>>> print(open('input27.cif').read())   # mmCIF, C-alpha atoms
data_structure
loop_
_atom_site.label_atom_id
_atom_site.label_comp_id
_atom_site.auth_asym_id
_atom_site.auth_seq_id
_atom_site.Cartn_x
_atom_site.Cartn_y
_atom_site.Cartn_z
CA MET A 16 6.36 -16.53 -23.93
CA ALA A 17 6.58 -14.03 -21.07
CA SER A 18 9.85 -13.88 -19.20
CA PRO A 19 9.73 -15.15 -15.58
CA LEU A 20 11.06 -11.71 -14.63
CA ASN A 21 7.83 -10.20 -15.97
CA GLU A 22 5.61 -12.44 -13.85
CA PRO A 23 4.96 -12.24 -10.09
CA ARG A 24 6.96 -14.56 -7.87
CA LEU A 25 5.38 -15.39 -4.50
CA LYS A 26 7.77 -15.25 -1.54
CA TYR A 27 7.47 -15.01 2.25
CA VAL A 28 9.28 -13.28 5.09
CA THR A 29 8.86 -14.04 8.80
CA CYS A 30 7.98 -11.03 10.96
CA ALA A 31 7.37 -10.56 14.68
CA SER A 32 4.53 -9.01 16.66
CA GLN A 33 3.66 -8.92 20.36
CA SER A 34 1.61 -12.08 19.90
CA GLY A 35 4.34 -14.08 18.16
CA LEU A 36 5.68 -14.71 14.67
CA HIS A 37 3.77 -14.39 11.42
CA ARG A 38 4.60 -14.78 7.75
CA MET A 39 4.08 -11.93 5.34
CA ALA A 40 3.67 -12.81 1.68
CA TYR A 41 5.05 -10.61 -1.03
CA TRP A 42 5.01 -10.66 -4.82
CA GLU A 43 8.28 -9.86 -6.58
CA TRP A 44 8.65 -8.74 -10.18
CA GLY A 45 11.75 -8.05 -12.24
CA ASP A 46 15.42 -8.85 -11.69
CA PRO A 47 15.99 -9.93 -8.05
CA ASP A 48 19.54 -8.52 -8.27
CA ASN A 49 18.37 -5.07 -9.36
CA ASP A 50 19.41 -2.44 -6.81
CA ARG A 51 16.57 -0.20 -7.95
CA VAL A 52 13.76 -1.37 -5.66
CA LEU A 53 10.14 -0.18 -5.72
CA VAL A 54 7.84 -1.27 -2.89
CA CYS A 55 4.11 -1.02 -3.67
CA VAL A 56 1.69 -1.30 -0.74
CA HIS A 57 -2.07 -1.64 -1.07
CA GLY A 58 -5.10 -0.21 0.71
CA LEU A 59 -6.95 -1.42 3.81
CA THR A 60 -8.71 -4.52 2.44
CA ARG A 61 -6.75 -5.08 -0.76
CA THR A 62 -3.66 -7.16 -1.67
CA GLY A 63 -0.31 -6.78 -3.40
CA ARG A 64 -1.82 -8.14 -6.60
CA ASP A 65 -3.56 -4.80 -7.08
CA PHE A 66 -0.31 -3.64 -8.66
CA ASP A 67 0.04 -6.35 -11.32
CA THR A 68 -0.46 -4.00 -14.25
CA LEU A 69 1.82 -1.30 -12.83
CA ALA A 70 4.47 -3.86 -11.83
CA ALA A 71 4.52 -5.38 -15.31
CA ARG A 72 5.13 -1.89 -16.71
CA LEU A 73 7.98 -1.08 -14.31
CA SER A 74 9.64 -4.49 -13.85
CA PRO A 75 12.12 -3.94 -16.73
CA HIS A 76 13.49 -1.01 -14.72
CA HIS A 77 12.82 -1.87 -11.06
CA ARG A 78 12.75 -4.83 -8.79
CA VAL A 79 9.08 -4.36 -7.86
CA VAL A 80 7.95 -5.81 -4.51
CA CYS A 81 4.24 -5.90 -3.62
CA PRO A 82 3.53 -7.28 -0.12
CA ASP A 83 0.23 -8.61 1.16
CA VAL A 84 0.03 -6.69 4.43
CA VAL A 85 -0.49 -9.06 7.37
CA GLY A 86 -4.12 -10.17 7.64
CA ARG A 87 -4.64 -9.92 3.88
CA GLY A 88 -4.10 -12.09 0.83
CA ARG A 89 -1.55 -14.88 1.28
CA SER A 90 -0.15 -13.47 4.54
CA ASP A 91 -0.89 -14.89 7.98
CA TRP A 92 -3.53 -13.44 10.26
CA LEU A 93 -2.51 -12.01 13.64
CA ALA A 94 -3.50 -13.82 16.82
CA ASN A 95 -4.23 -10.45 18.44
CA PRO A 96 -6.22 -8.12 16.16
CA ALA A 97 -4.98 -5.11 18.13
CA GLY A 98 -1.82 -5.52 16.06
CA TYR A 99 -3.54 -4.39 12.87
CA VAL A 100 -2.09 -0.89 13.12
CA VAL A 101 0.44 1.17 11.18
CA PRO A 102 3.36 0.73 13.64
CA GLN A 103 3.14 -3.06 13.21
CA TYR A 104 2.94 -2.71 9.45
CA VAL A 105 6.01 -0.44 9.46
CA ALA A 106 7.93 -3.02 11.51
CA ASP A 107 6.96 -5.72 9.01
CA MET A 108 8.12 -3.58 6.10
CA LEU A 109 11.48 -2.97 7.75
CA THR A 110 11.86 -6.75 8.08
CA LEU A 111 10.92 -7.19 4.43
CA ILE A 112 13.37 -4.52 3.24
CA ALA A 113 16.14 -6.11 5.30
CA ARG A 114 15.36 -9.40 3.52
CA LEU A 115 15.57 -7.63 0.17
CA GLY A 116 18.99 -6.24 1.07
CA ALA A 117 17.96 -2.81 -0.21
CA GLU A 118 19.72 0.34 0.93
CA ARG A 119 17.29 2.64 -0.88
CA VAL A 120 13.67 2.05 -1.82
CA ASP A 121 11.17 3.98 -3.86
CA TRP A 122 7.67 3.69 -2.42
CA LEU A 123 4.19 3.64 -3.88
CA GLY A 124 1.39 3.50 -1.34
CA THR A 125 -2.34 3.45 -2.02
CA SER A 126 -4.41 4.72 0.91
CA MET A 127 -3.19 2.67 3.91
CA GLY A 128 -0.05 1.82 1.96
CA GLY A 129 0.80 5.51 1.81
CA LEU A 130 0.35 5.87 5.57
CA ILE A 131 2.74 2.94 6.05
CA GLY A 132 5.25 4.67 3.78
CA LEU A 133 5.03 7.88 5.80
CA GLY A 134 5.38 5.89 9.02
CA LEU A 135 8.48 4.23 7.62
CA ALA A 136 9.90 7.60 6.58
CA GLY A 137 9.29 8.91 10.10
CA ALA A 138 11.06 5.94 11.64
CA LEU A 139 14.06 6.46 9.36
CA ALA A 140 14.19 10.17 10.23
CA MET A 141 14.21 9.31 13.94
CA SER A 142 17.19 7.00 13.44
CA ALA A 143 19.35 9.80 11.98
CA PRO A 144 20.56 11.12 15.41
CA ALA A 145 21.70 7.61 16.36
CA ARG A 146 23.77 7.39 13.19
CA ALA A 147 25.29 10.79 13.91
CA ALA A 148 26.17 9.72 17.45
CA ARG A 149 27.97 6.63 16.17
CA ALA A 150 30.05 8.81 13.89
CA GLU A 151 30.81 11.26 16.72
CA PHE A 152 32.19 8.47 18.90
CA GLY A 153 34.18 6.94 16.06
CA LEU A 154 32.02 3.83 15.80
CA PRO A 155 31.74 2.14 12.41
CA PRO A 156 28.64 3.16 10.48
CA GLN A 157 25.75 0.75 10.39
CA ARG A 158 24.06 -0.19 7.16
CA THR A 159 21.31 2.35 6.61
CA LEU A 160 18.12 2.47 4.59
CA ARG A 161 17.26 5.55 2.54
CA MET A 162 13.79 6.47 1.40
CA GLY A 163 13.77 7.33 -2.29
CA ARG A 164 10.94 8.77 -4.34
CA MET A 165 7.45 8.38 -2.94
CA VAL A 166 4.07 8.14 -4.65
CA LEU A 167 1.11 8.79 -2.34
CA ASN A 168 -1.99 7.45 -4.05
CA ASP A 169 -5.01 9.32 -2.70
CA ILE A 170 -3.66 9.65 0.82
CA GLY A 171 -2.01 12.30 2.94
CA PRO A 172 -1.16 13.09 6.56
CA LYS A 173 -4.69 14.37 7.20
CA LEU A 174 -7.66 12.05 6.70
CA ASP A 175 -11.26 13.13 6.24
CA MET A 176 -13.41 11.54 8.95
CA ALA A 177 -16.43 11.17 6.66
CA GLY A 178 -14.35 9.16 4.23
CA LEU A 179 -13.04 6.96 7.04
CA ALA A 180 -16.58 6.39 8.30
CA ARG A 181 -17.66 5.24 4.83
CA ILE A 182 -14.86 2.67 4.71
CA GLY A 183 -15.58 1.53 8.27
CA GLU A 184 -19.14 0.63 7.30
CA TYR A 185 -18.10 -2.42 5.28
CA VAL A 186 -14.64 -3.47 6.49
CA GLY A 187 -15.80 -5.90 9.19
CA ARG A 188 -18.87 -7.25 7.43
CA PRO A 189 -18.67 -10.89 6.34
CA GLY A 190 -18.78 -11.33 2.60
CA VAL A 191 -20.07 -14.72 1.46
CA PHE A 192 -21.46 -15.14 -2.05
CA ASP A 193 -22.76 -18.10 -4.01
CA SER A 194 -21.16 -17.07 -7.29
CA HIS A 195 -18.16 -15.18 -8.59
CA ASP A 196 -20.50 -12.76 -10.35
CA GLU A 197 -22.03 -11.83 -6.99
CA ALA A 198 -18.57 -11.23 -5.53
CA VAL A 199 -17.67 -8.98 -8.47
CA ALA A 200 -20.91 -7.04 -8.03
CA TYR A 201 -20.13 -6.58 -4.32
CA VAL A 202 -16.63 -5.25 -4.99
CA GLN A 203 -18.05 -2.90 -7.59
CA SER A 204 -20.66 -1.61 -5.12
CA VAL A 205 -18.26 -0.87 -2.24
CA SER A 206 -15.53 0.41 -4.58
CA ALA A 207 -17.56 2.90 -6.59
CA GLY A 208 -14.87 5.49 -5.85
CA PHE A 209 -12.50 3.54 -8.09
CA GLY A 210 -14.35 5.07 -11.02
CA PRO A 211 -15.48 3.47 -14.29
CA HIS A 212 -13.89 0.11 -15.12
CA SER A 213 -14.51 -2.61 -17.66
CA ARG A 214 -15.99 -5.95 -16.63
CA GLU A 215 -12.54 -7.52 -17.03
CA GLN A 216 -11.01 -4.90 -14.73
CA TRP A 217 -13.67 -5.43 -12.04
CA GLU A 218 -12.95 -9.16 -12.20
CA GLN A 219 -9.25 -8.40 -11.79
CA LEU A 220 -10.02 -6.23 -8.75
CA THR A 221 -12.07 -9.10 -7.26
CA ARG A 222 -9.82 -12.06 -8.06
CA HIS A 223 -7.36 -11.69 -5.17
CA VAL A 224 -9.66 -10.34 -2.46
CA PHE A 225 -12.07 -13.29 -2.52
CA ASN A 226 -11.38 -17.02 -2.07
CA TYR A 227 -13.49 -19.95 -3.22
CA LYS A 228 -14.17 -21.97 -0.07
CA ASP A 229 -16.86 -24.55 0.73
CA LYS A 230 -18.70 -23.74 -2.50
CA HIS A 231 -18.84 -20.03 -1.68
CA TRP A 232 -16.81 -16.93 -2.47
CA VAL A 233 -15.58 -15.36 0.79
CA LYS A 234 -13.54 -12.28 1.65
CA HIS A 235 -9.81 -12.96 1.57
CA TYR A 236 -8.83 -10.91 4.62
CA ASP A 237 -9.16 -11.10 8.38
CA LEU A 238 -12.42 -9.36 9.31
CA ALA A 239 -10.81 -8.55 12.66
CA ILE A 240 -8.86 -5.71 11.04
CA ALA A 241 -12.05 -3.73 11.63
CA LYS A 242 -11.55 -3.97 15.41
CA ALA A 243 -8.33 -1.93 15.38
CA PHE A 244 -9.94 0.40 12.87
CA GLU A 245 -12.87 1.02 15.24
CA LEU A 246 -10.61 1.69 18.25
CA GLN A 247 -9.13 4.84 16.75
CA THR A 248 -10.08 7.84 18.90
CA PRO A 249 -10.08 11.49 17.78
CA GLN A 250 -7.17 12.12 20.14
CA ALA A 251 -5.14 9.26 18.68
CA MET A 252 -5.95 10.49 15.19
CA GLN A 253 -4.67 13.99 16.05
CA GLN A 254 -1.42 12.60 17.46
CA ALA A 255 -0.93 10.38 14.42
CA GLU A 256 -1.64 13.30 12.09
CA ALA A 257 1.08 15.42 13.71
CA LEU A 258 3.61 12.60 13.29
CA LEU A 259 2.57 12.01 9.69
CA TRP A 260 2.92 15.69 8.78
CA ALA A 261 6.41 15.72 10.29
CA ALA A 262 7.37 12.59 8.37
CA TYR A 263 5.93 14.00 5.16
CA ALA A 264 7.82 17.28 5.50
CA SER A 265 11.08 15.39 6.04
CA LEU A 266 10.87 13.24 2.90
CA PRO A 267 14.32 13.54 1.30
CA GLU A 268 13.35 13.06 -2.36
CA PRO A 269 10.54 14.13 -4.71
CA VAL A 270 6.95 13.18 -3.90
CA LEU A 271 4.08 12.56 -6.31
CA ILE A 272 0.59 13.00 -4.91
CA VAL A 273 -2.06 11.21 -6.96
CA ARG A 274 -5.57 12.34 -6.04
CA GLY A 275 -8.91 11.12 -7.28
CA ALA A 276 -10.66 14.34 -8.23
CA GLN A 277 -13.77 13.18 -6.32
CA SER A 278 -11.92 11.69 -3.34
CA ASP A 279 -13.65 11.83 0.04
CA LEU A 280 -10.50 10.77 1.90
CA LEU A 281 -7.82 13.09 0.48
CA LEU A 282 -9.59 16.44 0.23
CA ARG A 283 -8.37 19.05 -2.24
CA GLU A 284 -7.46 21.48 0.56
CA THR A 285 -5.28 18.79 2.16
CA ALA A 286 -3.52 18.15 -1.15
CA THR A 287 -2.94 21.90 -1.50
CA GLU A 288 -1.48 22.02 2.00
CA MET A 289 0.80 19.10 1.13
CA LEU A 290 2.20 21.08 -1.78
CA ALA A 291 2.86 24.01 0.53
CA ARG A 292 4.61 21.91 3.18
CA ASN A 293 6.98 20.07 0.87
CA SER A 294 8.65 21.95 -1.99
CA GLN A 295 9.54 18.67 -3.72
CA ALA A 296 5.92 17.55 -4.03
CA ARG A 297 3.75 17.75 -7.09
CA LEU A 298 0.11 16.83 -7.59
CA ILE A 299 -1.87 15.14 -10.32
CA GLU A 300 -5.63 14.65 -10.16
CA VAL A 301 -7.48 11.81 -11.87
CA PRO A 302 -10.83 12.98 -13.25
CA GLY A 303 -13.97 10.93 -12.65
CA VAL A 304 -12.39 8.99 -9.79
CA GLY A 305 -12.84 9.14 -6.02
CA HIS A 306 -10.97 7.00 -3.50
CA ALA A 307 -8.79 5.67 -4.97
CA PRO A 308 -7.24 5.49 -8.46
CA THR A 309 -6.55 1.82 -9.25
CA LEU A 310 -3.54 2.43 -11.52
CA LEU A 311 -4.86 -0.05 -14.08
CA THR A 312 -4.96 2.17 -17.17
CA PRO A 313 -2.17 3.83 -19.16
CA GLU A 314 -3.67 7.22 -18.33
CA GLN A 315 -3.06 6.55 -14.62
CA ILE A 316 0.11 4.44 -14.89
CA GLU A 317 2.23 6.55 -17.22
CA PRO A 318 2.45 9.70 -15.03
CA VAL A 319 3.55 7.46 -12.15
CA ALA A 320 6.08 5.65 -14.33
CA ASP A 321 7.45 8.95 -15.65
CA PHE A 322 7.91 10.20 -12.10
CA LEU A 323 9.64 7.04 -10.84
CA LEU A 324 11.87 6.71 -13.89
CA ALA A 325 12.94 10.35 -14.03
CA PRO A 326 16.71 10.85 -13.61
#
>>> encode(input="input27.cif", output="structure tokens")
Amino acid sequence: MASPLNEPRLKYVTCASQSGLHRMAYWEWGDPDNDRVLVCVHGLTRTGRDFDTLAARLSPHHRVVCPDVVGRGRSDWLANPAGYVVPQYVADMLTLIARLGAERVDWLGTSMGGLIGLGLAGALAMSAPARAARAEFGLPPQRTLRMGRMVLNDIGPKLDMAGLARIGEYVGRPGVFDSHDEAVAYVQSVSAGFGPHSREQWEQLTRHVFNYKDKHWVKHYDLAIAKAFELQTPQAMQQAEALLWAAYASLPEPVLIVRGAQSDLLLRETATEMLARNSQARLIEVPGVGHAPTLLTPEQIEPVADFLLAP
């Protein structure tokens, strides 16, 4: 019989946005008293259950926490869809980490989850002067959060616009299917970049992003996340990119960049630039995969585990 520590436990944390309070769901694996915390955050339309296989592998060593970002999975939807942006997600993650009582977290972010991690790292870097000022005036130090090792799964500070356009084509489209097989076929069609998978793996990738409702299988996320996605202007993207590069360069501990060798979102030249801008970064490429590696196979999981478990 599997230990309860090796199974996901569903929990909730209450977060705030400009339109009120919302609950964010998260899945916790491993010993809840373990100080070694790994936060795994999914892509734009996915859920925290994407990391089940990886979390089972790492839960003997880490307390693994996999949130459903607001608007997805078991989390609430926002009253104002303009809140579906990285700054709101970073605020929610800070609330979650405060609930966990963690002073240091390792981070694994796939696509959007990586951008949230970089946003969090930037926010922590900006708080450093305030901590220094407290020390200068003899004030007691506040409890601080440190960013540990980071895994960026097919994401970087610079995004390819063609790749974003491809994702934007399907994000806001309703998905209603008469059978589970049709839902699996849909996920397989829009997620071709995930690379070859078995039928069982495609079913796993479908299970938590569709709900059975009124005799139909429907998408398990707020379609309104597409509205904030569509409002991004080239100017806003340039400003965000500058902030993300600064956050990336300031990461205090080693970084692992995982790139699908055929990715249309994290281009090879961007990955090369990332290596040049951070001496603690290293890159692995997954052959036969685009955006993004699903971390479901030993070939993809073990390099990540080796990196996170290294002394």
>>> residues_around(input="input27.cif", residues="A:Arg72", least_positions_apart="5", cutoff="9 Å", atoms="all atoms listed in the file", output="list in words")
Asn21, Asp67, Ile316, Glu317 and Ala320 of chain A
>>> atom_distance(input="input27.cif", atom1="atom CA of A:Leu310", atom2="atom CA of A:Phe66")
7.4 Å
>>> closest_atom_pairs(input="input27.cif", of="stretch 253-279 of chain A", to="stretch 204-209 of chain A", cutoff="9 Å", atoms="all atoms listed in the file", output="JSON lines")
{"residue": "A:Gly275", "atom": "CA", "partner": "A:Gly208", "partner_atom": "CA", "distance": 8.3}
{"residue": "A:Gln277", "atom": "CA", "partner": "A:Gly208", "partner_atom": "CA", "distance": 7.8}
{"residue": "A:Ser278", "atom": "CA", "partner": "A:Gly208", "partner_atom": "CA", "distance": 7.3}
{"residue": "A:Asp279", "atom": "CA", "partner": "A:Gly208", "partner_atom": "CA", "distance": 8.7}
>>> atom_distance(input="input27.cif", atom1="atom CA of A:Val304", atom2="atom CA of A:Gly210")
4.6 Å
>>> resolve_selection(input="input27.cif", expression="the PyMOL selection byres ((chain A and resi 293) around 9)", output="JSON, numbers by chain")
{"A": [263, 264, 265, 266, 269, 270, 288, 289, 290, 291, 292, 294, 295, 296, 297]}
>>> closest_residue(input="input27.cif", among="A:Val224, A:Ala276, A:Cys81, A:Ala31", to="A:Thr125", atoms="all atoms listed in the file")
A:Cys81
>>> resolve_selection(input="input27.cif", expression="the PyMOL selection byres ((chain A and resi 239-247) around 9)", output="ChimeraX atom specification")
/A:59-60,86,95-100,183,185-188,236-238,248-252
>>> write_last_selection(input="input27.cif", atoms="C-alpha atoms", output="CSV table (one decimal), keeping the file's coordinate frame")
chain,number,residue,atom,x,y,z
A,59,LEU,CA,-7.0,-1.4,3.8
A,60,THR,CA,-8.7,-4.5,2.4
A,86,GLY,CA,-4.1,-10.2,7.6
A,95,ASN,CA,-4.2,-10.4,18.4
A,96,PRO,CA,-6.2,-8.1,16.2
A,97,ALA,CA,-5.0,-5.1,18.1
A,98,GLY,CA,-1.8,-5.5,16.1
A,99,TYR,CA,-3.5,-4.4,12.9
A,100,VAL,CA,-2.1,-0.9,13.1
A,183,GLY,CA,-15.6,1.5,8.3
A,185,TYR,CA,-18.1,-2.4,5.3
A,186,VAL,CA,-14.6,-3.5,6.5
A,187,GLY,CA,-15.8,-5.9,9.2
A,188,ARG,CA,-18.9,-7.2,7.4
A,236,TYR,CA,-8.8,-10.9,4.6
A,237,ASP,CA,-9.2,-11.1,8.4
A,238,LEU,CA,-12.4,-9.4,9.3
A,248,THR,CA,-10.1,7.8,18.9
A,249,PRO,CA,-10.1,11.5,17.8
A,250,GLN,CA,-7.2,12.1,20.1
A,251,ALA,CA,-5.1,9.3,18.7
A,252,MET,CA,-6.0,10.5,15.2
>>> resolve_selection(input="input27.cif", expression="the PyMOL selection byres ((chain A and resi 32-34) around 8)", output="CSV table (one decimal) with C-alpha atoms, keeping the file's coordinate frame")
chain,number,residue,atom,x,y,z
A,30,CYS,CA,8.0,-11.0,11.0
A,31,ALA,CA,7.4,-10.6,14.7
A,35,GLY,CA,4.3,-14.1,18.2
A,36,LEU,CA,5.7,-14.7,14.7
A,37,HIS,CA,3.8,-14.4,11.4
A,93,LEU,CA,-2.5,-12.0,13.6
A,94,ALA,CA,-3.5,-13.8,16.8
A,95,ASN,CA,-4.2,-10.4,18.4
A,98,GLY,CA,-1.8,-5.5,16.1
A,103,GLN,CA,3.1,-3.1,13.2
>>> closest_residue(input="input27.cif", among="A:Ala138, A:Leu123, A:Leu281, A:Val199", to="A:Gly163", atoms="only C-alpha atoms")
A:Leu123
>>> atom_distance(input="input27.cif", atom1="atom CA of A:Val28", atom2="atom CA of A:Thr309")
26.2 Å
>>> closest_residue(input="input27.cif", among="A:Thr29, A:Ser90, A:Gln203, A:Ser126", to="A:Ala307", atoms="all atoms listed in the file")
A:Ser126
>>> axis_aligned_box(input="input27.cif", around="stretch 285-291 of chain A", padding_each_side="8 Å", output="AutoDock Vina command-line options")
--center_x -1.2 --center_y 21.1 --center_z 0.2 --size_x 24.1 --size_y 21.9 --size_z 19.9
>>> closest_residue(input="input27.cif", among="A:Glu314, A:Glu300, A:Asp83, A:Asp321", to="A:Asn168", atoms="all atoms listed in the file")
A:Glu300
>>> residues_near_point(input="input27.cif", point="(17.8, 0.1, -6.9)", cutoff="7 Å", atoms="only C-alpha atoms", output="short mmCIF file (atom, residue, chain, number, x, y, z; two decimals) with C-alpha atoms, in the coordinates of the input")
data_model
loop_
_atom_site.label_atom_id
_atom_site.label_comp_id
_atom_site.auth_asym_id
_atom_site.auth_seq_id
_atom_site.Cartn_x
_atom_site.Cartn_y
_atom_site.Cartn_z
CA ASN A 49 18.37 -5.07 -9.36
CA ASP A 50 19.41 -2.44 -6.81
CA ARG A 51 16.57 -0.20 -7.95
CA VAL A 52 13.76 -1.37 -5.66
CA HIS A 77 12.82 -1.87 -11.06
CA ARG A 119 17.29 2.64 -0.88
CA VAL A 120 13.67 2.05 -1.82
#
>>> residues_around(input="input27.cif", residues="stretch 112-116 of chain A", least_positions_apart="4", cutoff="12 Å", atoms="all atoms listed in the file", output="PyMOL selection string")
chain A and resi 26-30+39+41+43+46-54+78-82+105-108+120-122+135+158-162
>>> closest_residue(input="input27.cif", among="A:Ile272, A:Ala286, A:Ala262, A:Val319", to="A:Ala140", atoms="all atoms listed in the file")
A:Ala262
>>> closest_residue(input="input27.cif", among="A:Leu259, A:Leu167, A:Pro189, A:Ser213", to="A:Leu298", atoms="all atoms listed in the file")
A:Leu167
>>> build_atoms(input="input27.cif", residues="stretch 115-133 of chain A", atoms="N, CA, C and O atoms", output="compact mmCIF listing (two decimals), in the coordinates of the input")
# COMPACT_ATOMS: atom_id res chain seq x y z
N LEU A 115 15.25 -8.00 1.55
CA LEU A 115 15.57 -7.63 0.17
C LEU A 115 17.01 -7.17 0.02
O LEU A 115 17.56 -7.17 -1.09
N GLY A 116 17.62 -6.74 1.13
CA GLY A 116 18.99 -6.24 1.07
C GLY A 116 19.09 -4.86 0.43
O GLY A 116 20.15 -4.48 -0.05
N ALA A 117 17.98 -4.12 0.44
CA ALA A 117 17.96 -2.81 -0.21
C ALA A 117 18.49 -1.73 0.72
O ALA A 117 18.20 -1.75 1.92
N GLU A 118 19.26 -0.81 0.17
CA GLU A 118 19.72 0.34 0.93
C GLU A 118 18.93 1.59 0.59
O GLU A 118 19.01 2.59 1.30
N ARG A 119 18.15 1.54 -0.47
CA ARG A 119 17.29 2.64 -0.88
C ARG A 119 16.06 2.05 -1.55
O ARG A 119 16.18 1.13 -2.37
N VAL A 120 14.89 2.54 -1.18
CA VAL A 120 13.67 2.05 -1.82
C VAL A 120 12.81 3.23 -2.25
O VAL A 120 12.67 4.21 -1.53
N ASP A 121 12.27 3.12 -3.47
CA ASP A 121 11.17 3.98 -3.86
C ASP A 121 9.90 3.35 -3.31
O ASP A 121 9.83 2.12 -3.10
N TRP A 122 8.88 4.18 -3.10
CA TRP A 122 7.67 3.69 -2.42
C TRP A 122 6.44 4.18 -3.16
O TRP A 122 6.34 5.36 -3.51
N LEU A 123 5.50 3.27 -3.38
CA LEU A 123 4.19 3.64 -3.88
C LEU A 123 3.16 3.07 -2.92
O LEU A 123 3.10 1.85 -2.73
N GLY A 124 2.38 3.95 -2.31
CA GLY A 124 1.39 3.50 -1.34
C GLY A 124 0.01 4.00 -1.69
O GLY A 124 -0.20 5.21 -1.85
N THR A 125 -0.94 3.08 -1.82
CA THR A 125 -2.34 3.45 -2.02
C THR A 125 -3.04 3.47 -0.67
O THR A 125 -3.01 2.47 0.06
N SER A 126 -3.63 4.60 -0.32
CA SER A 126 -4.41 4.72 0.91
C SER A 126 -3.57 4.25 2.11
O SER A 126 -2.56 4.86 2.43
N MET A 127 -3.95 3.16 2.77
CA MET A 127 -3.19 2.67 3.91
C MET A 127 -1.72 2.47 3.57
O MET A 127 -0.84 2.72 4.40
N GLY A 128 -1.44 2.03 2.36
CA GLY A 128 -0.05 1.82 1.96
C GLY A 128 0.76 3.10 1.99
O GLY A 128 1.97 3.08 2.26
N GLY A 129 0.11 4.23 1.70
CA GLY A 129 0.80 5.51 1.81
C GLY A 129 1.08 5.89 3.25
O GLY A 129 2.14 6.45 3.56
N LEU A 130 0.13 5.60 4.15
CA LEU A 130 0.35 5.87 5.57
C LEU A 130 1.52 5.03 6.09
O LEU A 130 2.33 5.51 6.90
N ILE A 131 1.61 3.79 5.64
CA ILE A 131 2.74 2.94 6.05
C ILE A 131 4.05 3.54 5.55
O ILE A 131 5.05 3.57 6.27
N GLY A 132 4.05 4.05 4.32
CA GLY A 132 5.25 4.67 3.78
C GLY A 132 5.67 5.89 4.59
O GLY A 132 6.86 6.08 4.87
N LEU A 133 4.71 6.71 4.98
CA LEU A 133 5.03 7.88 5.80
C LEU A 133 5.52 7.45 7.18
O LEU A 133 6.43 8.05 7.74
